[in-house]
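J.: entry.cif (mmCIF, C-alpha atoms) pasted underneath:
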data_upload
loop_
_atom_site.label_atom_id
_atom_site.label_comp_id
_atom_site.auth_asym_id
_atom_site.auth_seq_id
_atom_site.Cartn_x
_atom_site.Cartn_y
_atom_site.Cartn_z
CA MET D 13 -189.40 -25.00 41.49
CA ASN D 14 -189.97 -28.38 39.88
CA LYS D 15 -187.43 -31.09 40.53
CA LYS D 16 -185.21 -32.15 37.67
CA ALA D 17 -184.15 -35.76 37.04
CA LEU D 18 -181.62 -37.28 34.68
CA ILE D 19 -182.37 -40.78 33.38
CA THR D 20 -179.67 -42.80 31.65
CA GLY D 21 -181.18 -45.51 29.47
CA VAL D 22 -184.32 -43.44 28.95
CA THR D 23 -185.15 -45.22 25.67
CA GLY D 24 -185.38 -48.61 27.39
CA GLN D 25 -188.39 -50.26 28.96
CA ASP D 26 -187.74 -48.94 32.49
CA GLY D 27 -186.55 -45.56 31.27
CA SER D 28 -189.77 -44.94 29.37
CA TYR D 29 -192.01 -45.89 32.30
CA LEU D 30 -189.89 -43.86 34.73
CA ALA D 31 -189.98 -40.81 32.45
CA GLU D 32 -193.79 -41.06 32.32
CA PHE D 33 -194.00 -41.44 36.08
CA LEU D 34 -191.76 -38.44 36.81
CA LEU D 35 -193.51 -36.23 34.26
CA GLU D 36 -196.80 -36.99 35.99
CA LYS D 37 -195.19 -35.68 39.19
CA ASP D 38 -194.22 -32.45 37.40
CA TYR D 39 -190.52 -33.21 37.16
CA GLU D 40 -188.36 -31.80 34.44
CA VAL D 41 -186.94 -34.94 32.83
CA VAL D 42 -183.63 -35.11 31.00
CA GLY D 43 -182.98 -38.36 29.17
CA MET D 44 -179.48 -39.40 28.19
CA VAL D 45 -179.13 -41.20 24.86
CA ARG D 46 -176.12 -42.56 23.01
CA ARG D 47 -175.33 -41.01 19.67
CA ALA D 48 -176.58 -43.24 16.85
CA SER D 49 -177.06 -42.76 13.12
CA THR D 50 -180.50 -44.36 13.46
CA PRO D 51 -182.02 -43.45 16.85
CA HIS D 52 -184.47 -45.88 18.45
CA TYR D 53 -186.99 -43.78 20.36
CA GLN D 54 -190.11 -45.95 19.92
CA ARG D 55 -190.73 -46.36 23.64
CA ILE D 56 -190.61 -42.61 24.34
CA GLY D 57 -192.11 -41.32 21.08
CA HIS D 58 -195.38 -40.48 22.85
CA LEU D 59 -193.40 -38.22 25.22
CA ASP D 60 -191.99 -36.08 22.42
CA GLY D 61 -191.79 -32.45 23.50
CA ARG D 62 -192.23 -33.29 27.18
CA LEU D 63 -188.66 -34.33 27.99
CA THR D 64 -185.19 -33.14 27.04
CA LEU D 65 -182.88 -35.61 25.29
CA VAL D 66 -179.13 -35.13 25.55
CA GLU D 67 -176.27 -37.14 24.07
CA GLY D 68 -173.99 -38.89 26.52
CA ASP D 69 -172.26 -42.21 27.06
CA LEU D 70 -171.43 -44.35 30.08
CA LEU D 71 -168.07 -45.02 28.40
CA ASP D 72 -167.24 -41.29 28.35
CA GLN D 73 -167.01 -39.62 31.74
CA VAL D 74 -166.44 -36.18 30.19
CA SER D 75 -169.91 -36.34 28.60
CA LEU D 76 -171.43 -37.26 31.96
CA ILE D 77 -169.73 -34.36 33.73
CA GLY D 78 -170.91 -31.99 30.99
CA ILE D 79 -174.53 -33.13 31.29
CA LEU D 80 -174.55 -32.75 35.08
CA ARG D 81 -173.03 -29.27 34.90
CA GLU D 82 -175.39 -28.05 32.20
CA HIS D 83 -178.68 -29.51 33.45
CA GLN D 84 -178.09 -29.61 37.23
CA PRO D 85 -180.49 -32.45 38.14
CA GLN D 86 -181.42 -33.17 41.74
CA GLU D 87 -181.87 -36.89 40.98
CA VAL D 88 -180.02 -39.28 38.67
CA TYR D 89 -181.44 -42.69 37.74
CA ASN D 90 -178.80 -44.94 36.18
CA LEU D 91 -180.80 -47.43 34.12
CA ALA D 92 -178.43 -47.71 31.15
CA ALA D 93 -176.55 -51.00 30.78
CA GLN D 94 -175.90 -53.91 28.48
CA SER D 95 -178.87 -55.69 30.01
CA PHE D 96 -179.47 -58.84 27.94
CA VAL D 97 -177.94 -61.74 29.88
CA PRO D 98 -177.14 -64.04 26.89
CA THR D 99 -175.28 -61.21 25.14
CA SER D 100 -173.04 -60.82 28.17
CA TRP D 101 -171.34 -64.12 27.30
CA ALA D 102 -170.76 -63.01 23.72
CA GLU D 103 -169.59 -59.52 24.78
CA PRO D 104 -168.27 -59.87 28.36
CA VAL D 105 -165.75 -57.02 28.20
CA LEU D 106 -168.22 -54.53 26.75
CA THR D 107 -170.79 -55.64 29.32
CA GLY D 108 -168.28 -54.87 32.05
CA GLU D 109 -167.52 -51.45 30.60
CA PHE D 110 -171.17 -50.37 30.49
CA THR D 111 -172.77 -52.30 33.33
CA ALA D 112 -169.92 -52.13 35.87
CA LEU D 113 -167.47 -49.32 35.14
CA GLY D 114 -170.23 -47.13 33.73
CA VAL D 115 -171.69 -46.92 37.24
CA THR D 116 -168.35 -45.69 38.59
CA ARG D 117 -168.16 -43.00 35.93
CA VAL D 118 -171.61 -41.66 36.83
CA LEU D 119 -170.90 -41.73 40.57
CA ASP D 120 -167.55 -40.03 40.17
CA ALA D 121 -169.09 -37.37 37.94
CA ILE D 122 -171.67 -36.69 40.68
CA ARG D 123 -168.90 -36.53 43.31
CA MET D 124 -167.02 -33.94 41.25
CA VAL D 125 -169.93 -31.81 40.03
CA ASP D 126 -172.53 -31.86 42.83
CA PRO D 127 -172.40 -34.38 45.72
CA SER D 128 -175.92 -33.36 46.80
CA ILE D 129 -177.42 -35.17 43.75
CA ARG D 130 -179.40 -38.25 44.75
CA PHE D 131 -178.38 -41.34 42.76
CA TYR D 132 -180.31 -44.53 41.95
CA GLN D 133 -178.48 -47.59 40.64
CA ALA D 134 -180.41 -50.34 38.86
CA SER D 135 -179.12 -53.49 40.53
CA SER D 136 -180.47 -56.91 39.52
CA SER D 137 -181.67 -60.21 40.92
CA GLU D 138 -179.15 -61.81 38.55
CA MET D 139 -176.56 -60.90 41.20
CA PHE D 140 -177.94 -63.74 43.37
CA GLY D 141 -177.34 -66.27 40.59
CA LYS D 142 -176.71 -69.64 42.21
CA VAL D 143 -178.95 -68.70 45.09
CA ARG D 144 -177.76 -69.25 48.65
CA GLU D 145 -181.28 -69.03 50.11
CA VAL D 146 -184.90 -68.83 48.98
CA PRO D 147 -186.38 -66.25 48.94
CA GLN D 148 -183.61 -63.70 48.45
CA THR D 149 -183.36 -60.58 50.65
CA GLU D 150 -181.03 -57.60 50.91
CA HIS D 151 -178.73 -59.77 53.03
CA THR D 152 -178.54 -62.82 50.74
CA PRO D 153 -174.95 -63.38 49.52
CA PHE D 154 -174.36 -62.83 45.81
CA TYR D 155 -173.24 -65.67 43.51
CA PRO D 156 -173.63 -64.35 39.94
CA ARG D 157 -173.77 -66.86 37.09
CA SER D 158 -173.18 -64.64 34.06
CA PRO D 159 -170.89 -61.77 33.04
CA TYR D 160 -173.96 -59.55 33.32
CA GLY D 161 -174.58 -60.66 36.91
CA VAL D 162 -170.90 -60.16 37.79
CA ALA D 163 -170.97 -56.63 36.32
CA LYS D 164 -174.13 -55.81 38.27
CA VAL D 165 -172.46 -56.94 41.51
CA TYR D 166 -169.64 -54.51 40.82
CA GLY D 167 -172.13 -51.70 40.13
CA HIS D 168 -173.98 -52.51 43.33
CA TRP D 169 -170.91 -52.50 45.55
CA ILE D 170 -169.34 -49.41 43.99
CA THR D 171 -172.60 -47.59 44.76
CA ILE D 172 -172.33 -48.63 48.41
CA ASN D 173 -168.64 -47.71 48.41
CA TYR D 174 -169.29 -44.18 47.13
CA ARG D 175 -172.17 -43.77 49.60
CA GLU D 176 -169.95 -44.71 52.53
CA SER D 177 -166.76 -43.01 51.29
CA TYR D 178 -168.15 -39.69 50.03
CA ASP D 179 -171.45 -39.46 51.91
CA LEU D 180 -173.47 -39.52 48.68
CA PHE D 181 -177.19 -40.23 48.72
CA ALA D 182 -176.68 -43.32 46.55
CA VAL D 183 -179.06 -46.29 46.58
CA SER D 184 -179.47 -49.56 44.73
CA GLY D 185 -182.73 -51.21 43.84
CA ILE D 186 -182.25 -54.97 43.55
CA LEU D 187 -185.03 -55.48 41.05
CA PHE D 188 -186.32 -58.90 40.16
CA ASN D 189 -187.57 -59.59 36.63
CA HIS D 190 -190.02 -56.92 35.53
CA GLU D 191 -191.77 -56.98 32.19
CA SER D 192 -194.29 -55.10 30.05
CA PRO D 193 -195.48 -54.74 26.46
CA ARG D 194 -192.41 -52.51 25.99
CA ARG D 195 -189.98 -55.32 26.84
CA GLY D 196 -187.49 -56.12 24.08
CA LEU D 197 -188.37 -59.02 21.79
CA GLU D 198 -185.20 -60.88 22.80
CA PHE D 199 -186.32 -61.30 26.43
CA VAL D 200 -188.09 -64.56 27.24
CA THR D 201 -191.42 -63.08 28.36
CA ARG D 202 -191.88 -60.97 25.25
CA LYS D 203 -190.47 -63.75 23.07
CA VAL D 204 -193.22 -66.02 24.39
CA THR D 205 -196.12 -63.55 24.19
CA ARG D 206 -195.11 -62.44 20.70
CA ALA D 207 -194.72 -66.03 19.50
CA ALA D 208 -198.12 -67.03 20.92
CA ALA D 209 -199.73 -64.16 19.00
CA ARG D 210 -197.84 -65.01 15.81
CA ILE D 211 -198.86 -68.66 16.00
CA LYS D 212 -202.48 -67.70 16.69
CA LEU D 213 -202.47 -65.55 13.53
CA GLY D 214 -200.81 -68.24 11.39
CA LEU D 215 -197.51 -66.38 11.08
CA ASP D 216 -195.43 -69.12 12.76
CA ASP D 217 -195.89 -72.74 13.74
CA THR D 218 -193.06 -73.39 16.24
CA LEU D 219 -191.30 -71.63 19.12
CA PRO D 220 -187.71 -72.66 19.98
CA MET D 221 -186.98 -72.40 23.72
CA GLY D 222 -184.29 -73.26 26.27
CA ASN D 223 -184.74 -74.30 29.90
CA LEU D 224 -188.46 -74.51 30.68
CA ASP D 225 -187.95 -75.30 34.37
CA ALA D 226 -186.12 -72.09 35.38
CA LEU D 227 -188.07 -70.17 38.02
CA ARG D 228 -188.44 -66.39 38.02
CA ASP D 229 -190.23 -63.73 40.03
CA TRP D 230 -191.95 -61.65 37.33
CA GLY D 231 -193.58 -58.27 37.98
CA PHE D 232 -194.78 -55.24 36.00
CA ALA D 233 -192.18 -52.61 35.06
CA GLY D 234 -194.64 -49.79 35.74
CA ASP D 235 -194.83 -50.88 39.38
CA TYR D 236 -191.08 -51.14 39.73
CA VAL D 237 -190.20 -47.62 38.55
CA ARG D 238 -192.43 -46.29 41.34
CA ALA D 239 -190.15 -48.10 43.79
CA MET D 240 -187.09 -46.43 42.23
CA TRP D 241 -188.58 -43.01 42.88
CA LEU D 242 -189.62 -43.89 46.43
CA MET D 243 -186.03 -44.88 47.28
CA LEU D 244 -184.79 -41.39 46.44
CA GLN D 245 -187.49 -39.70 48.56
CA GLN D 246 -186.35 -41.25 51.86
CA ASP D 247 -184.48 -39.45 54.63
CA GLU D 248 -181.56 -41.88 54.48
CA PRO D 249 -180.09 -43.83 51.52
CA ASP D 250 -180.49 -47.60 51.58
CA ASP D 251 -180.79 -50.60 49.28
CA TYR D 252 -184.00 -52.53 48.62
CA VAL D 253 -185.16 -55.76 47.02
CA ILE D 254 -188.12 -55.10 44.73
CA ALA D 255 -190.11 -58.22 43.84
CA THR D 256 -193.55 -59.81 43.91
CA GLY D 257 -192.47 -62.71 46.12
CA VAL D 258 -194.17 -65.20 43.77
CA ARG D 259 -192.18 -67.50 41.48
CA HIS D 260 -193.30 -69.01 38.19
CA SER D 261 -191.51 -71.36 35.80
CA VAL D 262 -190.93 -70.64 32.13
CA ARG D 263 -193.28 -73.58 31.52
CA GLU D 264 -196.03 -71.74 33.44
CA LEU D 265 -195.31 -68.62 31.40
CA LEU D 266 -195.81 -70.61 28.20
CA ASP D 267 -198.94 -72.31 29.46
CA HIS D 268 -200.58 -69.05 30.47
CA ALA D 269 -199.58 -67.03 27.41
CA PHE D 270 -200.71 -69.68 24.92
CA GLY D 271 -203.79 -70.52 26.99
CA ILE D 272 -205.04 -66.92 26.74
CA LEU D 273 -205.30 -67.51 22.98
CA GLY D 274 -206.84 -70.98 23.30
CA LEU D 275 -203.60 -72.77 22.37
CA ASN D 276 -201.60 -75.59 23.96
CA TYR D 277 -197.93 -74.58 24.08
CA GLU D 278 -196.82 -78.22 23.96
CA ASP D 279 -198.01 -78.38 20.35
CA TYR D 280 -195.58 -75.65 19.28
CA VAL D 281 -192.57 -75.42 21.62
CA VAL D 282 -189.32 -77.18 20.68
CA ILE D 283 -186.21 -77.27 22.86
CA ASP D 284 -183.24 -75.67 21.11
CA PRO D 285 -179.78 -76.09 22.76
CA ARG D 286 -178.79 -72.65 21.46
CA PHE D 287 -181.04 -71.10 24.11
CA LEU D 288 -179.54 -72.99 27.06
CA ARG D 289 -177.24 -70.78 29.15
CA PRO D 290 -173.69 -71.98 29.97
CA ALA D 291 -174.57 -71.49 33.66
CA ASP D 292 -178.24 -70.93 34.41
CA VAL D 293 -180.00 -69.22 37.30
CA ILE D 294 -182.60 -71.66 38.54
CA ASP D 295 -184.71 -70.29 41.40
CA LEU D 296 -185.03 -66.50 41.74
CA VAL D 297 -187.74 -65.15 44.04
CA GLY D 298 -187.48 -62.00 46.12
CA ASP D 299 -188.61 -60.95 49.57
CA ALA D 300 -189.63 -57.28 49.31
CA SER D 301 -190.85 -56.97 52.91
CA LYS D 302 -188.32 -54.20 53.63
CA ALA D 303 -189.65 -52.16 50.69
CA ARG D 304 -193.21 -52.71 51.87
CA ARG D 305 -192.32 -51.68 55.41
CA LYS D 306 -190.08 -48.67 54.72
CA LEU D 307 -191.24 -47.42 51.32
CA GLY D 308 -194.89 -48.41 51.48
CA TRP D 309 -194.40 -50.13 48.12
CA GLU D 310 -196.60 -52.96 46.84
CA PRO D 311 -196.93 -54.46 43.35
CA THR D 312 -200.34 -53.80 41.78
CA VAL D 313 -200.24 -56.09 38.73
CA THR D 314 -200.28 -59.89 39.09
CA PHE D 315 -198.32 -62.31 36.91
CA GLU D 316 -201.50 -63.39 35.16
CA GLN D 317 -202.56 -59.79 34.47
CA LEU D 318 -199.08 -58.95 33.20
CA ILE D 319 -198.94 -61.82 30.70
CA GLU D 320 -202.49 -61.09 29.53
CA MET D 321 -201.53 -57.44 29.00
CA MET D 322 -198.49 -58.46 26.93
CA VAL D 323 -200.33 -61.07 24.85
CA GLU D 324 -203.18 -58.68 24.04
CA HIS D 325 -200.69 -55.96 23.05
CA ASP D 326 -198.75 -58.29 20.75
CA LEU D 327 -201.91 -59.69 19.18
CA ALA D 328 -203.29 -56.21 18.48
CA GLU D 329 -199.97 -55.00 17.10
CA LEU D 330 -199.61 -57.98 14.77
CA GLU D 331 -203.23 -57.71 13.59
CA SER D 332 -202.54 -54.07 12.72
CA GLU D 333 -199.36 -55.02 10.84
CA LEU D 334 -201.27 -57.71 8.93
CA ALA D 335 -203.96 -55.23 7.96
CA ARG D 336 -201.30 -52.84 6.65
CA GLY D 337 -199.51 -55.61 4.78
CA GLN D 338 -196.36 -55.28 6.91
CA VAL D 339 -196.36 -59.01 7.73
CA ARG D 340 -197.72 -61.93 5.75
CA LYS D 341 -199.09 -65.32 6.73
CA ARG D 342 -197.14 -68.39 5.78
#
Could you render the structure as structure tokens?
T.:
Amino acid sequence: MNKKALITGVTGQDGSYLAEFLLEKDYEVVGMVRRASTPHYQRIGHLDGRLTLVEGDLLDQVSLIGILREHQPQEVYNLAAQSFVPTSWAEPVLTGEFTALGVTRVLDAIRMVDPSIRFYQASSSEMFGKVREVPQTEHTPFYPRSPYGVAKVYGHWITINYRESYDLFAVSGILFNHESPRRGLEFVTRKVTRAAARIKLGLDDTLPMGNLDALRDWGFAGDYVRAMWLMLQQDEPDDYVIATGVRHSVRELLDHAFGILGLNYEDYVVIDPRFLRPADVIDLVGDASKARRKLGWEPTVTFEQLIEMMVEHDLAELESELARGQVRKR
């Protein structure tokens, strides 16, 4: 029989790539979505008819128990969260409910319904925050610098706690920044690639930005969901850093994205204090040697290839919208 997997957050960037990946491996995929009057299924629209969507909520443990009992998955991937770091300062309590306590609700539902279910928790490099060492490994102490990072630390440790207390196969993937053309427009990578395309087409003439010197380890989301799956195929549960091991500054991101289109970012970028974080994370770069050694995982897409992929996608999308009259030049 085919394996069955439940993905929370299936409509997000990672959820859509993971659903594709699992379907290619002949899984039955169940995607959990929150009830909404206007559903947003753009990222999984091309998978229509190939996966089962069910309503559930990380704030409602009864719905989680019901889904597990009805669909009986062998694997659960918890990707749902309030995942935009700046929003976590505006909505810190809600961020904690989804991103921290939501993990507990899923784990406890698994404990009650079927402890044999294998569980993946989406941990984050934001947990390292004010980094204690460079690069960061599975043993680097956490020092989160945002409500989002704090909530992710809770989710990470409650996963370990349930693994050790109830003998669950529960793992955490400490994923560093991973991007794609499906990334939300509010995230800095997509904000930059979209703006470069808009400026190239005469739709905008400036791009407001925050800290250009922050360093990040950016990889391709399609590579990272493969690591999630590999973690659940091991004989023993464990936690892994997933990263490229190469850091780039936001300034380099701008230079490369605008350069692809023959533009100089310095002609268009303006620093806007609104986009400066109250407490920023300066130097995130991961050491994924454990994942390479134990999982056989390697990233396949370079930073340069990733940004080119995103710029070309945004340019093509905007050109199509212009042709249809959906956007207009200034």
J.: Would you kindly return, as a list in words, each protein, DNA or RNA residue with an atom no farther than 9 Å from any atom of Glu316 (chain D), considering only C-alpha atoms and excluding same-chain residues fewer than 6 positions away?
T.: Leu265, His268 and Ala269 of chain D
J.: Please identify all polymer residues within 12 Å of Ile294 (chain D), counting only C-alpha atoms, omitting same-chain residues fewer than 2 positions from it, and present them as a list in words.
T.: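 Selected residues are Ser137, Glu138, Phe140, Gly141, Lys142, Val143, Arg144, Glu145, Val146, Pro156, Arg157, Asn223, Leu224, Asp225, Ala226, Leu227, Arg228, Asp229, Arg259, His260, Ser261, Val262, Leu288, Arg289, Ala291, Asp292, Leu296 and Val297 of chain D.
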J.: Can you list, as a PyMOL selection string, every protein, DNA or RNA residue that comes within 12 Å of Glu109 (chain D) when you count only C-alpha atoms, leaving out same-chain residues fewer than 2 positions away?
T.: chain D and resi 69-73+92-94+100+103-107+111-117+159-160+162-164+166-167
J.: Write out as a list in words which residues come within 7 Å of Asp251 (chain D) when counting all atoms listed in the file, dropping same-chain ones fewer than 4 positions away.
T.: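 The contact residues come out as Val183, Ser184 and Gly185 of chain D.
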J.: Quick one: which residues end up in the PyMOL selection byres ((chain D and resi 23) around 10) for this structure, as a list in words?
T.: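 For this structure, the PyMOL selection byres ((chain D and resi 23) around 10) captures Ile19, Thr20, Gly21, Val22, Gly24, Gln25, Asp26, Gly27, Ser28, Tyr29, Ala31, Gly43, Met44, Val45, Arg46, Pro51, His52, Tyr53, Gln54, Arg55, Ile56, Gly57, Leu65, Leu91 and Ala92 of chain D.
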J.: With all atoms listed in the file as the atoms that count, which of D:Asn173, D:Thr201, D:Gln133, D:Thr312 lies nearest to Arg263 (chain D)?
T.: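 Going through D:Asn173, D:Thr201, D:Gln133, D:Thr312 one by one, the smallest distance to Arg263 (chain D) is for D:Thr201.
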J.: Any chance you could resolve the PyMOL selection byres ((chain D and resi 302) around 10) against this file and give the residues as a list in words?
T.: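 Evaluating the PyMOL selection byres ((chain D and resi 302) around 10) on this file yields Thr149, Glu150, Asp251, Tyr252, Val253, Ile254, Asp299, Ala300, Ser301, Ala303, Arg304, Arg305, Lys306, Leu307, Gly308 and Trp309 of chain D.
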J.: Restricting the calculation to all atoms listed in the file: of D:Trp169, D:Trp230, D:Phe181, D:Tyr277, which residue gets closest to Val313 (chain D)?
T.: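 Checking each of D:Trp169, D:Trp230, D:Phe181, D:Tyr277 against Val313 (chain D), counting all atoms listed in the file, the winner is D:Trp230.
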J.: Could you tell me how far CA of Ile186 (chain D) lies from CA of Glu320 (chain D), in Å and to one decimal?
T.: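 CA of Glu320 (chain D) lies 25.4 Å from CA of Ile186 (chain D).
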J.: Rank nothing, just name the residue among D:Pro249, D:Pro193, D:Gly108, D:Pro285 nearest to Ile129 (chain D), using only C-alpha atoms.
T.: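 Ranked by minimum distance to Ile129 (chain D), first place goes to D:Pro249.
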J.: Using all atoms listed in the file, which of D:Ala335, D:Leu59, D:Leu197, D:Thr99 sits nearest Glu36 (chain D)?
T.: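 The shortest atom-to-atom distance to Glu36 (chain D) comes from D:Leu59.
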J.: Where does the PyMOL selection byres ((chain D and resi 321) around 12) land in this file, that is, which residues does it pick, as a ChimeraX atom specification?
T.: /D:191-195,201-202,205-206,232,268-269,272,313-320,322-328
J.: Can you measure CA of Trp241 (chain D) to CA of Thr152 (chain D) for me? One decimal in Å is fine.
T.: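 Interatomic distance, CA of Trp241 (chain D) to CA of Thr152 (chain D): 23.6 Å.
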J.: What does the structure give for the distance between CA of Leu219 (chain D) and CA of Gly234 (chain D), in Å to one decimal?
T.: 27.6 Å
J.: Once you've located region 169-209 of chain D in the structure I gave, write it as a PDB file, in the first residue's frame, keeping C-alpha atoms.
T.:
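Dumped to decode-v1.pdb:
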ATOM      1  CA  TRP D 169      12.204  21.683  22.260  1.00  0.00           C
ATOM      2  CA  ILE D 170       8.662  20.363  22.688  1.00  0.00           C
ATOM      3  CA  THR D 171       9.361  18.050  19.739  1.00  0.00           C
ATOM      4  CA  ILE D 172      12.469  16.733  21.498  1.00  0.00           C
ATOM      5  CA  ASN D 173      10.512  16.466  24.748  1.00  0.00           C
ATOM      6  CA  TYR D 174       7.761  14.356  23.193  1.00  0.00           C
ATOM      7  CA  ARG D 175      10.360  12.191  21.421  1.00  0.00           C
ATOM      8  CA  GLU D 176      12.148  11.463  24.685  1.00  0.00           C
ATOM      9  CA  SER D 177       9.046  11.261  26.912  1.00  0.00           C
ATOM     10  CA  TYR D 178       6.709   9.214  24.708  1.00  0.00           C
ATOM     11  CA  ASP D 179       9.154   7.483  22.355  1.00  0.00           C
ATOM     12  CA  LEU D 180       7.667   9.208  19.301  1.00  0.00           C
ATOM     13  CA  PHE D 181       9.531   9.279  16.003  1.00  0.00           C
ATOM     14  CA  ALA D 182       9.642  13.087  16.078  1.00  0.00           C
ATOM     15  CA  VAL D 183      12.337  15.115  14.322  1.00  0.00           C
ATOM     16  CA  SER D 184      13.131  18.764  13.703  1.00  0.00           C
ATOM     17  CA  GLY D 185      14.716  20.192  10.602  1.00  0.00           C
ATOM     18  CA  ILE D 186      16.570  23.401  11.455  1.00  0.00           C
ATOM     19  CA  LEU D 187      16.156  24.945   8.031  1.00  0.00           C
ATOM     20  CA  PHE D 188      18.049  28.031   6.991  1.00  0.00           C
ATOM     21  CA  ASN D 189      16.433  30.523   4.609  1.00  0.00           C
ATOM     22  CA  HIS D 190      15.003  28.755   1.591  1.00  0.00           C
ATOM     23  CA  GLU D 191      13.336  30.579  -1.263  1.00  0.00           C
ATOM     24  CA  SER D 192      11.664  30.049  -4.634  1.00  0.00           C
ATOM     25  CA  PRO D 193       9.355  31.758  -7.132  1.00  0.00           C
ATOM     26  CA  ARG D 194       6.528  30.658  -4.796  1.00  0.00           C
ATOM     27  CA  ARG D 195       7.876  32.686  -1.873  1.00  0.00           C
ATOM     28  CA  GLY D 196       5.450  35.282  -0.515  1.00  0.00           C
ATOM     29  CA  LEU D 197       5.897  38.836  -1.779  1.00  0.00           C
ATOM     30  CA  GLU D 198       6.508  40.104   1.764  1.00  0.00           C
ATOM     31  CA  PHE D 199       9.757  38.129   2.156  1.00  0.00           C
ATOM     32  CA  VAL D 200      12.941  39.998   1.289  1.00  0.00           C
ATOM     33  CA  THR D 201      14.119  37.744  -1.549  1.00  0.00           C
ATOM     34  CA  ARG D 202      10.835  37.872  -3.429  1.00  0.00           C
ATOM     35  CA  LYS D 203      10.412  41.552  -2.568  1.00  0.00           C
ATOM     36  CA  VAL D 204      13.746  42.216  -4.280  1.00  0.00           C
ATOM     37  CA  THR D 205      13.236  40.008  -7.358  1.00  0.00           C
ATOM     38  CA  ARG D 206       9.718  41.349  -7.897  1.00  0.00           C
ATOM     39  CA  ALA D 207      10.860  44.956  -7.498  1.00  0.00           C
ATOM     40  CA  ALA D 208      13.744  44.467  -9.937  1.00  0.00           C
ATOM     41  CA  ALA D 209      11.292  43.141 -12.531  1.00  0.00           C
TER      42      ALA D 209
END
